[in-house]
Amino acid sequence: MSRRLLTFPCEGDTLVGTLDGPPEGGGGATGLLIVTGGNEIRAGAHRGMAELAARLAADGTPVFRYDRRGVGDSSGINSGFRGARDDLLAAAATFRAVAPQVTRLIGFGNCDGATSLAWWGREAGCDALVLANPWAVEPTDALPPPAAVRAHYAAQLRDPAAWVRILRRGLSLPKLVRGLRSIAASPRDDGVTGRTIASIAQWGADATIVLARGDGTAIAYADAARRAGISPRTVTVDTGSHSFARPADAAALEAAIRQVLSAP
C-alpha cells in the first residue's frame, strides 16, 4: 500500500489531498472520498480518518482525503462548509484523475462534512453516501441543539434520582416546567435544516446515515428527520462520541462504510 500527497487547484487556491491505495493505477473500481467536518484537517479527529483510509486501502479500496480552503495545508480563506462546494468538486475530480480505475465513487463525511456531501455530492459524481451525524441545525448560541437538550431532560426526568435532587435543592417546579416548554418548541430553521433534510431525502436508498446515539448533533438530525417524515437507512452506534473515537465505535462506523463499499 502507499500514501501519496497531492496538490490540486480550486478557485485560484491550492488544496492538499492524500490518496491511500495500491501503487499508481491499481486498486478496486470503488473508491471512497472522505470529507472532514468542522475545521478538522484531513487526518480527522484523533487521526481517525487517516487510520480508516489505511485499513480500507490495505483491502484494495482507494481512499482520497483533502483539506478544504483555509484548513490544514490548503491555502485560501476558510468559508466554512457553506462555502465548500468548489472544494468538494475539485477533490472528486482530482480523485478520478489520479485513480482512473475508480468507476463507482462513495462519499463519506462526518458532521458538516456529511452535510456538504448531501448538498453537493451528486454534482461531485458520488454514487452513494455514508453520512455520519449530519449537521442539520444552526444553534443561536453556544447551547447544544434544542433536540439534544430535550433528550437530555427527558432522560433526567425518567430517573427517580433526578427528582430527589430537584426536591433537595429546592428548585422551582413551575420554573422547570416553563423551561421545558420553551425548549420543546419547534427549533428555528435558518435554511440549513430544511435544505439538509431535503437533500438527504433526494438521495433515497443511496444514502446511509450513521448516528452516534448520545451525540447532540445526531439527536438534532434524528429529530429533524422525524419531523420531516423521512427515514433513510440508518445505523445507530451506541456511543456519545461525535467522532466515533472509541475502538468499538470506530469499528461499527467502518463496518457501515464497508457495507456500502461492497454493495453491487
# chains A, B, ... in the order shown; residues from 1 in each chain; ligands from 1

$ residues_around --residues "segment 57-60 of chain A" --least-positions-apart "2" --cutoff "6 Å" --atoms "only C-alpha atoms" --output "ChimeraX atom specification"
/A:20-21,27-28,53-55,62

$ residues_around --residues "Thr239 of chain A" --least-positions-apart "3" --cutoff "9 Å" --atoms "only C-alpha atoms" --output "number ranges by chain"
A: 211-215, 236, 242, 244, 246, 249

$ write_last_selection --atoms "all heavy atoms" --output "mmCIF file, in the first residue's frame"
data_model
loop_
_atom_site.group_PDB
_atom_site.id
_atom_site.type_symbol
_atom_site.label_atom_id
_atom_site.label_comp_id
_atom_site.auth_asym_id
_atom_site.auth_seq_id
_atom_site.Cartn_x
_atom_site.Cartn_y
_atom_site.Cartn_z
ATOM 1 N N LEU A 211 -25.440 7.249 13.037
ATOM 2 C CA LEU A 211 -25.649 8.163 14.149
ATOM 3 C C LEU A 211 -25.013 7.635 15.432
ATOM 4 O O LEU A 211 -25.135 6.450 15.756
ATOM 5 C CB LEU A 211 -27.147 8.375 14.400
ATOM 6 C CG LEU A 211 -27.965 8.969 13.247
ATOM 7 C CD1 LEU A 211 -29.433 9.092 13.659
ATOM 8 C CD2 LEU A 211 -27.412 10.320 12.816
ATOM 9 N N ALA A 212 -24.337 8.527 16.153
ATOM 10 C CA ALA A 212 -23.868 8.227 17.497
ATOM 11 C C ALA A 212 -25.022 8.533 18.453
ATOM 12 O O ALA A 212 -25.441 9.685 18.568
ATOM 13 C CB ALA A 212 -22.645 9.080 17.837
ATOM 14 N N ARG A 213 -25.536 7.516 19.101
ATOM 15 C CA ARG A 213 -26.798 7.624 19.820
ATOM 16 C C ARG A 213 -26.855 8.816 20.782
ATOM 17 O O ARG A 213 -27.861 9.521 20.866
ATOM 18 C CB ARG A 213 -27.071 6.332 20.596
ATOM 19 C CG ARG A 213 -28.456 6.280 21.240
ATOM 20 C CD ARG A 213 -28.625 5.037 22.094
ATOM 21 N NE ARG A 213 -28.381 3.802 21.361
ATOM 22 C CZ ARG A 213 -29.299 3.203 20.604
ATOM 23 N NH1 ARG A 213 -30.507 3.726 20.482
ATOM 24 N NH2 ARG A 213 -29.001 2.073 19.977
ATOM 25 N N GLY A 214 -25.790 9.058 21.527
ATOM 26 C CA GLY A 214 -25.824 10.101 22.539
ATOM 27 C C GLY A 214 -25.263 11.440 22.110
ATOM 28 O O GLY A 214 -25.148 12.361 22.930
ATOM 29 N N ASP A 215 -24.918 11.594 20.842
ATOM 30 C CA ASP A 215 -24.316 12.838 20.351
ATOM 31 C C ASP A 215 -25.375 13.878 20.045
ATOM 32 O O ASP A 215 -26.399 13.572 19.427
ATOM 33 C CB ASP A 215 -23.494 12.533 19.095
ATOM 34 C CG ASP A 215 -22.986 13.791 18.425
ATOM 35 O OD1 ASP A 215 -22.216 14.525 19.060
ATOM 36 O OD2 ASP A 215 -23.390 14.054 17.275
ATOM 37 N N THR A 236 -27.338 3.020 13.946
ATOM 38 C CA THR A 236 -27.120 3.745 15.193
ATOM 39 C C THR A 236 -26.063 3.035 16.021
ATOM 40 O O THR A 236 -26.174 1.837 16.292
ATOM 41 C CB THR A 236 -28.421 3.868 15.996
ATOM 42 O OG1 THR A 236 -29.405 4.535 15.199
ATOM 43 C CG2 THR A 236 -28.200 4.667 17.277
ATOM 44 N N HIS A 242 -18.975 11.952 19.178
ATOM 45 C CA HIS A 242 -19.301 12.526 17.871
ATOM 46 C C HIS A 242 -18.385 12.000 16.780
ATOM 47 O O HIS A 242 -18.809 11.825 15.630
ATOM 48 C CB HIS A 242 -19.194 14.047 17.959
ATOM 49 C CG HIS A 242 -19.516 14.763 16.693
ATOM 50 N ND1 HIS A 242 -20.791 14.860 16.180
ATOM 51 C CD2 HIS A 242 -18.718 15.422 15.813
ATOM 52 C CE1 HIS A 242 -20.779 15.550 15.055
ATOM 53 N NE2 HIS A 242 -19.527 15.900 14.807
ATOM 54 N N PHE A 244 -16.723 9.046 16.908
ATOM 55 C CA PHE A 244 -16.580 7.594 16.996
ATOM 56 C C PHE A 244 -15.166 7.229 17.431
ATOM 57 O O PHE A 244 -14.482 6.422 16.798
ATOM 58 C CB PHE A 244 -16.923 6.937 15.650
ATOM 59 C CG PHE A 244 -18.305 7.284 15.144
ATOM 60 C CD1 PHE A 244 -18.495 8.399 14.334
ATOM 61 C CD2 PHE A 244 -19.401 6.525 15.500
ATOM 62 C CE1 PHE A 244 -19.770 8.738 13.880
ATOM 63 C CE2 PHE A 244 -20.671 6.844 15.051
ATOM 64 C CZ PHE A 244 -20.858 7.957 14.248
ATOM 65 N N ARG A 246 -13.861 5.785 20.283
ATOM 66 C CA ARG A 246 -13.507 4.525 20.933
ATOM 67 C C ARG A 246 -13.332 3.422 19.885
ATOM 68 O O ARG A 246 -13.966 3.465 18.827
ATOM 69 C CB ARG A 246 -14.587 4.125 21.940
ATOM 70 C CG ARG A 246 -14.787 5.140 23.059
ATOM 71 C CD ARG A 246 -15.837 4.661 24.049
ATOM 72 N NE ARG A 246 -17.107 4.344 23.393
ATOM 73 C CZ ARG A 246 -18.188 3.939 24.046
ATOM 74 N NH1 ARG A 246 -18.165 3.805 25.366
ATOM 75 N NH2 ARG A 246 -19.305 3.662 23.385
ATOM 76 N N ASP A 249 -16.520 1.965 18.644
ATOM 77 C CA ASP A 249 -17.271 2.928 17.836
ATOM 78 C C ASP A 249 -16.701 2.995 16.425
ATOM 79 O O ASP A 249 -17.447 2.978 15.431
ATOM 80 C CB ASP A 249 -17.203 4.330 18.459
ATOM 81 C CG ASP A 249 -17.679 4.373 19.895
ATOM 82 O OD1 ASP A 249 -18.390 3.434 20.319
ATOM 83 O OD2 ASP A 249 -17.336 5.335 20.596
#

$ closest_residue --among "A:Ala136, A:Val16, A:Ile41, A:Val35" --to "Phe108 of chain A" --atoms "only C-alpha atoms"
A:Val35

$ atom_distance --atom1 "atom CA of Thr30 of chain A" --atom2 "atom CA of Asp87 of chain A"
21.0 Å

$ select_by_dssp --residues "segment 187-248 of chain A" --states "strand (DSSP E)" --output "short mmCIF file (atom, residue, chain, number, x, y, z; two decimals) with N, CA, C and O atoms, in the first residue's frame"
data_model
loop_
_atom_site.label_atom_id
_atom_site.label_comp_id
_atom_site.auth_asym_id
_atom_site.auth_seq_id
_atom_site.Cartn_x
_atom_site.Cartn_y
_atom_site.Cartn_z
N ALA A 207 -28.28 6.80 0.23
CA ALA A 207 -27.72 7.42 1.43
C ALA A 207 -27.88 6.49 2.62
O ALA A 207 -28.95 5.95 2.87
N THR A 208 -26.78 6.31 3.36
CA THR A 208 -26.81 5.58 4.62
C THR A 208 -26.40 6.55 5.72
O THR A 208 -25.35 7.21 5.61
N ILE A 209 -27.20 6.65 6.76
CA ILE A 209 -26.93 7.55 7.88
C ILE A 209 -26.34 6.73 9.02
O ILE A 209 -26.85 5.66 9.35
N VAL A 210 -25.28 7.24 9.63
CA VAL A 210 -24.70 6.61 10.82
C VAL A 210 -24.78 7.62 11.95
O VAL A 210 -24.24 8.73 11.83
N LEU A 211 -25.44 7.25 13.04
CA LEU A 211 -25.65 8.16 14.15
C LEU A 211 -25.01 7.64 15.43
O LEU A 211 -25.13 6.45 15.76
N ALA A 212 -24.34 8.53 16.15
CA ALA A 212 -23.87 8.23 17.50
C ALA A 212 -25.02 8.53 18.45
O ALA A 212 -25.44 9.69 18.57
N ARG A 233 -32.01 4.74 5.31
CA ARG A 233 -31.35 3.66 6.03
C ARG A 233 -30.42 4.25 7.08
O ARG A 233 -29.57 5.09 6.77
N THR A 234 -30.58 3.81 8.34
CA THR A 234 -29.84 4.41 9.45
C THR A 234 -29.22 3.34 10.31
O THR A 234 -29.86 2.36 10.68
N VAL A 235 -27.94 3.52 10.62
CA VAL A 235 -27.21 2.66 11.54
C VAL A 235 -26.92 3.49 12.79
O VAL A 235 -26.32 4.57 12.70
N THR A 236 -27.34 3.02 13.95
CA THR A 236 -27.12 3.74 15.19
C THR A 236 -26.06 3.03 16.02
O THR A 236 -26.17 1.84 16.29
N VAL A 237 -25.04 3.78 16.40
CA VAL A 237 -23.95 3.24 17.21
C VAL A 237 -24.15 3.71 18.64
O VAL A 237 -24.38 4.89 18.90
#

$ closest_residue --among "A:Gly76, A:Gly44, A:Gly31, A:Pro134" --to "Ala99 of chain A" --atoms "only C-alpha atoms"
A:Gly31

$ residues_around --residues "segment 220-232 of chain A" --least-positions-apart "5" --cutoff "9 Å" --atoms "only C-alpha atoms" --output "MDAnalysis selection string"
chainID A and resid 133:137 145:148 187 193:194 197:198 200:201 203:209 211 215

$ atom_distance --atom1 "atom CA of Ala256 of chain A" --atom2 "atom CA of Ala124 of chain A"
21.7 Å

$ closest_residue --among "A:Cys126, A:Ser2, A:Asp86, A:Asn110" --to "Arg42 of chain A" --atoms "only C-alpha atoms"
A:Asn110

$ residues_around --residues "Asp127 of chain A" --least-positions-apart "5" --cutoff "7 Å" --atoms "only C-alpha atoms" --output "list in words"
Arg104, Leu105 and Ile106 of chain A

$ atom_distance --atom1 "atom CA of Leu131 of chain A" --atom2 "atom CA of Ala263 of chain A"
16.1 Å

$ closest_residue --among "A:Pro100, A:Gly38, A:Pro22, A:Pro247" --to "Arg68 of chain A" --atoms "only C-alpha atoms"
A:Gly38

$ residues_around --residues "Arg4 of chain A" --least-positions-apart "3" --cutoff "10 Å" --atoms "only C-alpha atoms" --output "VMD selection string"
chain A and resid 17 to 21 23 to 24 64

$ write_last_selection --atoms "N, CA and C atoms" --output "tab-separated table (two decimals), in the first residue's frame"
chain	number	residue	atom	x	y	z
A	17	GLY	N	-4.29	17.13	-0.80
A	17	GLY	CA	-5.04	15.90	-0.57
A	17	GLY	C	-4.12	14.72	-0.40
A	18	THR	N	-4.69	13.61	0.02
A	18	THR	CA	-3.94	12.39	0.26
A	18	THR	C	-4.68	11.21	-0.37
A	19	LEU	N	-3.95	10.42	-1.16
A	19	LEU	CA	-4.52	9.23	-1.77
A	19	LEU	C	-3.90	8.00	-1.13
A	20	ASP	N	-4.72	7.18	-0.50
A	20	ASP	CA	-4.28	5.89	0.04
A	20	ASP	C	-4.74	4.79	-0.90
A	21	GLY	N	-3.84	3.86	-1.19
A	21	GLY	CA	-4.24	2.75	-2.06
A	21	GLY	C	-3.05	1.99	-2.58
A	23	PRO	N	-0.27	0.71	-5.47
A	23	PRO	CA	0.58	1.54	-6.34
A	23	PRO	C	-0.23	2.16	-7.47
A	24	GLU	N	0.29	3.24	-8.02
A	24	GLU	CA	-0.43	4.03	-9.03
A	24	GLU	C	-1.03	3.15	-10.12
A	64	PHE	N	-9.47	8.84	-0.86
A	64	PHE	CA	-8.96	10.20	-1.07
A	64	PHE	C	-9.48	11.10	0.04

$ closest_residue --among "A:Pro264, A:Gly72, A:Gly107, A:Gly80" --to "Ile34 of chain A" --atoms "only C-alpha atoms"
A:Gly107

$ select_by_dssp --residues "segment 12-59 of chain A" --states "alpha helix (DSSP H)" --output "PyMOL selection string"
chain A and resi 48-58

$ closest_residue --among "A:Ala218, A:Leu15, A:Ala248, A:Val63" --to "Ala29 of chain A" --atoms "only C-alpha atoms"
A:Val63

$ decode --residues "segment 92-120 of chain A" --atoms "N, CA, C and O atoms" --output "JSON list (two decimals), in the first residue's frame"
[["chain", "number", "residue", "atom", "x", "y", "z"],
["A", 92, "ALA", "N", -13.13, 15.65, -5.86],
["A", 92, "ALA", "CA", -13.68, 14.49, -6.55],
["A", 92, "ALA", "C", -13.07, 14.35, -7.94],
["A", 92, "ALA", "O", -12.73, 13.23, -8.39],
["A", 93, "ALA", "N", -12.91, 15.46, -8.65],
["A", 93, "ALA", "CA", -12.33, 15.42, -10.00],
["A", 93, "ALA", "C", -10.87, 14.96, -9.94],
["A", 93, "ALA", "O", -10.42, 14.18, -10.80],
["A", 94, "THR", "N", -10.14, 15.43, -8.93],
["A", 94, "THR", "CA", -8.75, 15.03, -8.79],
["A", 94, "THR", "C", -8.64, 13.55, -8.46],
["A", 94, "THR", "O", -7.77, 12.84, -8.99],
["A", 95, "PHE", "N", -9.51, 13.08, -7.58],
["A", 95, "PHE", "CA", -9.53, 11.66, -7.22],
["A", 95, "PHE", "C", -9.70, 10.80, -8.47],
["A", 95, "PHE", "O", -8.96, 9.83, -8.70],
["A", 96, "ARG", "N", -10.65, 11.14, -9.30],
["A", 96, "ARG", "CA", -10.88, 10.37, -10.51],
["A", 96, "ARG", "C", -9.70, 10.44, -11.47],
["A", 96, "ARG", "O", -9.38, 9.48, -12.18],
["A", 97, "ALA", "N", -9.04, 11.60, -11.49],
["A", 97, "ALA", "CA", -7.90, 11.77, -12.41],
["A", 97, "ALA", "C", -6.71, 10.93, -11.98],
["A", 97, "ALA", "O", -6.01, 10.35, -12.82],
["A", 98, "VAL", "N", -6.46, 10.84, -10.68],
["A", 98, "VAL", "CA", -5.28, 10.10, -10.20],
["A", 98, "VAL", "C", -5.58, 8.63, -9.96],
["A", 98, "VAL", "O", -4.65, 7.82, -9.81],
["A", 99, "ALA", "N", -6.86, 8.27, -9.93],
["A", 99, "ALA", "CA", -7.26, 6.86, -9.77],
["A", 99, "ALA", "C", -8.30, 6.54, -10.84],
["A", 99, "ALA", "O", -9.48, 6.33, -10.54],
["A", 100, "PRO", "N", -7.88, 6.49, -12.12],
["A", 100, "PRO", "CA", -8.84, 6.35, -13.22],
["A", 100, "PRO", "C", -9.60, 5.03, -13.22],
["A", 100, "PRO", "O", -10.62, 4.91, -13.92],
["A", 101, "GLN", "N", -9.13, 4.04, -12.46],
["A", 101, "GLN", "CA", -9.84, 2.78, -12.38],
["A", 101, "GLN", "C", -11.13, 2.88, -11.56],
["A", 101, "GLN", "O", -11.98, 1.99, -11.62],
["A", 102, "VAL", "N", -11.28, 3.97, -10.81],
["A", 102, "VAL", "CA", -12.47, 4.14, -9.97],
["A", 102, "VAL", "C", -13.66, 4.54, -10.84],
["A", 102, "VAL", "O", -13.66, 5.60, -11.47],
["A", 103, "THR", "N", -14.64, 3.67, -10.88],
["A", 103, "THR", "CA", -15.86, 3.94, -11.64],
["A", 103, "THR", "C", -17.07, 4.13, -10.74],
["A", 103, "THR", "O", -18.13, 4.54, -11.21],
["A", 104, "ARG", "N", -16.93, 3.80, -9.48],
["A", 104, "ARG", "CA", -18.01, 3.98, -8.50],
["A", 104, "ARG", "C", -17.44, 4.73, -7.31],
["A", 104, "ARG", "O", -16.49, 4.27, -6.66],
["A", 105, "LEU", "N", -18.01, 5.91, -7.05],
["A", 105, "LEU", "CA", -17.46, 6.79, -6.03],
["A", 105, "LEU", "C", -18.42, 6.90, -4.85],
["A", 105, "LEU", "O", -19.59, 7.28, -5.02],
["A", 106, "ILE", "N", -17.93, 6.57, -3.66],
["A", 106, "ILE", "CA", -18.71, 6.67, -2.43],
["A", 106, "ILE", "C", -18.18, 7.85, -1.62],
["A", 106, "ILE", "O", -16.97, 7.98, -1.43],
["A", 107, "GLY", "N", -19.07, 8.70, -1.15],
["A", 107, "GLY", "CA", -18.67, 9.81, -0.30],
["A", 107, "GLY", "C", -18.96, 9.50, 1.15],
["A", 107, "GLY", "O", -20.01, 8.96, 1.48],
["A", 108, "PHE", "N", -18.02, 9.82, 2.02],
["A", 108, "PHE", "CA", -18.21, 9.66, 3.47],
["A", 108, "PHE", "C", -17.81, 10.95, 4.17],
["A", 108, "PHE", "O", -16.74, 11.50, 3.93],
["A", 109, "GLY", "N", -18.68, 11.43, 5.05],
["A", 109, "GLY", "CA", -18.36, 12.61, 5.83],
["A", 109, "GLY", "C", -19.02, 12.57, 7.18],
["A", 109, "GLY", "O", -20.04, 11.91, 7.38],
["A", 110, "ASN", "N", -18.42, 13.29, 8.12],
["A", 110, "ASN", "CA", -18.98, 13.41, 9.46],
["A", 110, "ASN", "C", -19.37, 14.87, 9.71],
["A", 110, "ASN", "O", -18.70, 15.79, 9.23],
["A", 111, "CYS", "N", -20.46, 15.08, 10.43],
["A", 111, "CYS", "CA", -20.93, 16.41, 10.83],
["A", 111, "CYS", "C", -21.20, 17.27, 9.58],
["A", 111, "CYS", "O", -21.93, 16.87, 8.69],
["A", 112, "ASP", "N", -20.59, 18.47, 9.50],
["A", 112, "ASP", "CA", -20.91, 19.31, 8.34],
["A", 112, "ASP", "C", -20.23, 18.81, 7.07],
["A", 112, "ASP", "O", -20.59, 19.21, 5.97],
["A", 113, "GLY", "N", -19.25, 17.88, 7.21],
["A", 113, "GLY", "CA", -18.72, 17.21, 6.02],
["A", 113, "GLY", "C", -19.79, 16.34, 5.39],
["A", 113, "GLY", "O", -19.90, 16.24, 4.16],
["A", 114, "ALA", "N", -20.61, 15.71, 6.24],
["A", 114, "ALA", "CA", -21.74, 14.92, 5.74],
["A", 114, "ALA", "C", -22.75, 15.82, 5.05],
["A", 114, "ALA", "O", -23.31, 15.47, 4.01],
["A", 115, "THR", "N", -22.98, 16.99, 5.63],
["A", 115, "THR", "CA", -23.93, 17.93, 5.03],
["A", 115, "THR", "C", -23.44, 18.41, 3.68],
["A", 115, "THR", "O", -24.22, 18.53, 2.72],
["A", 116, "SER", "N", -22.15, 18.70, 3.56],
["A", 116, "SER", "CA", -21.58, 19.10, 2.27],
["A", 116, "SER", "C", -21.84, 18.03, 1.21],
["A", 116, "SER", "O", -22.22, 18.34, 0.08],
["A", 117, "LEU", "N", -21.64, 16.77, 1.59],
["A", 117, "LEU", "CA", -21.88, 15.69, 0.63],
["A", 117, "LEU", "C", -23.35, 15.58, 0.28],
["A", 117, "LEU", "O", -23.71, 15.33, -0.88],
["A", 118, "ALA", "N", -24.23, 15.75, 1.27],
["A", 118, "ALA", "CA", -25.66, 15.68, 0.98],
["A", 118, "ALA", "C", -26.07, 16.77, 0.00],
["A", 118, "ALA", "O", -26.87, 16.55, -0.91],
["A", 119, "TRP", "N", -25.50, 17.96, 0.17],
["A", 119, "TRP", "CA", -25.86, 19.09, -0.69],
["A", 119, "TRP", "C", -25.27, 18.95, -2.10],
["A", 119, "TRP", "O", -25.96, 19.23, -3.07],
["A", 120, "TRP", "N", -24.01, 18.61, -2.19],
["A", 120, "TRP", "CA", -23.30, 18.71, -3.48],
["A", 120, "TRP", "C", -22.72, 17.38, -3.98],
["A", 120, "TRP", "O", -21.99, 17.36, -4.97]]
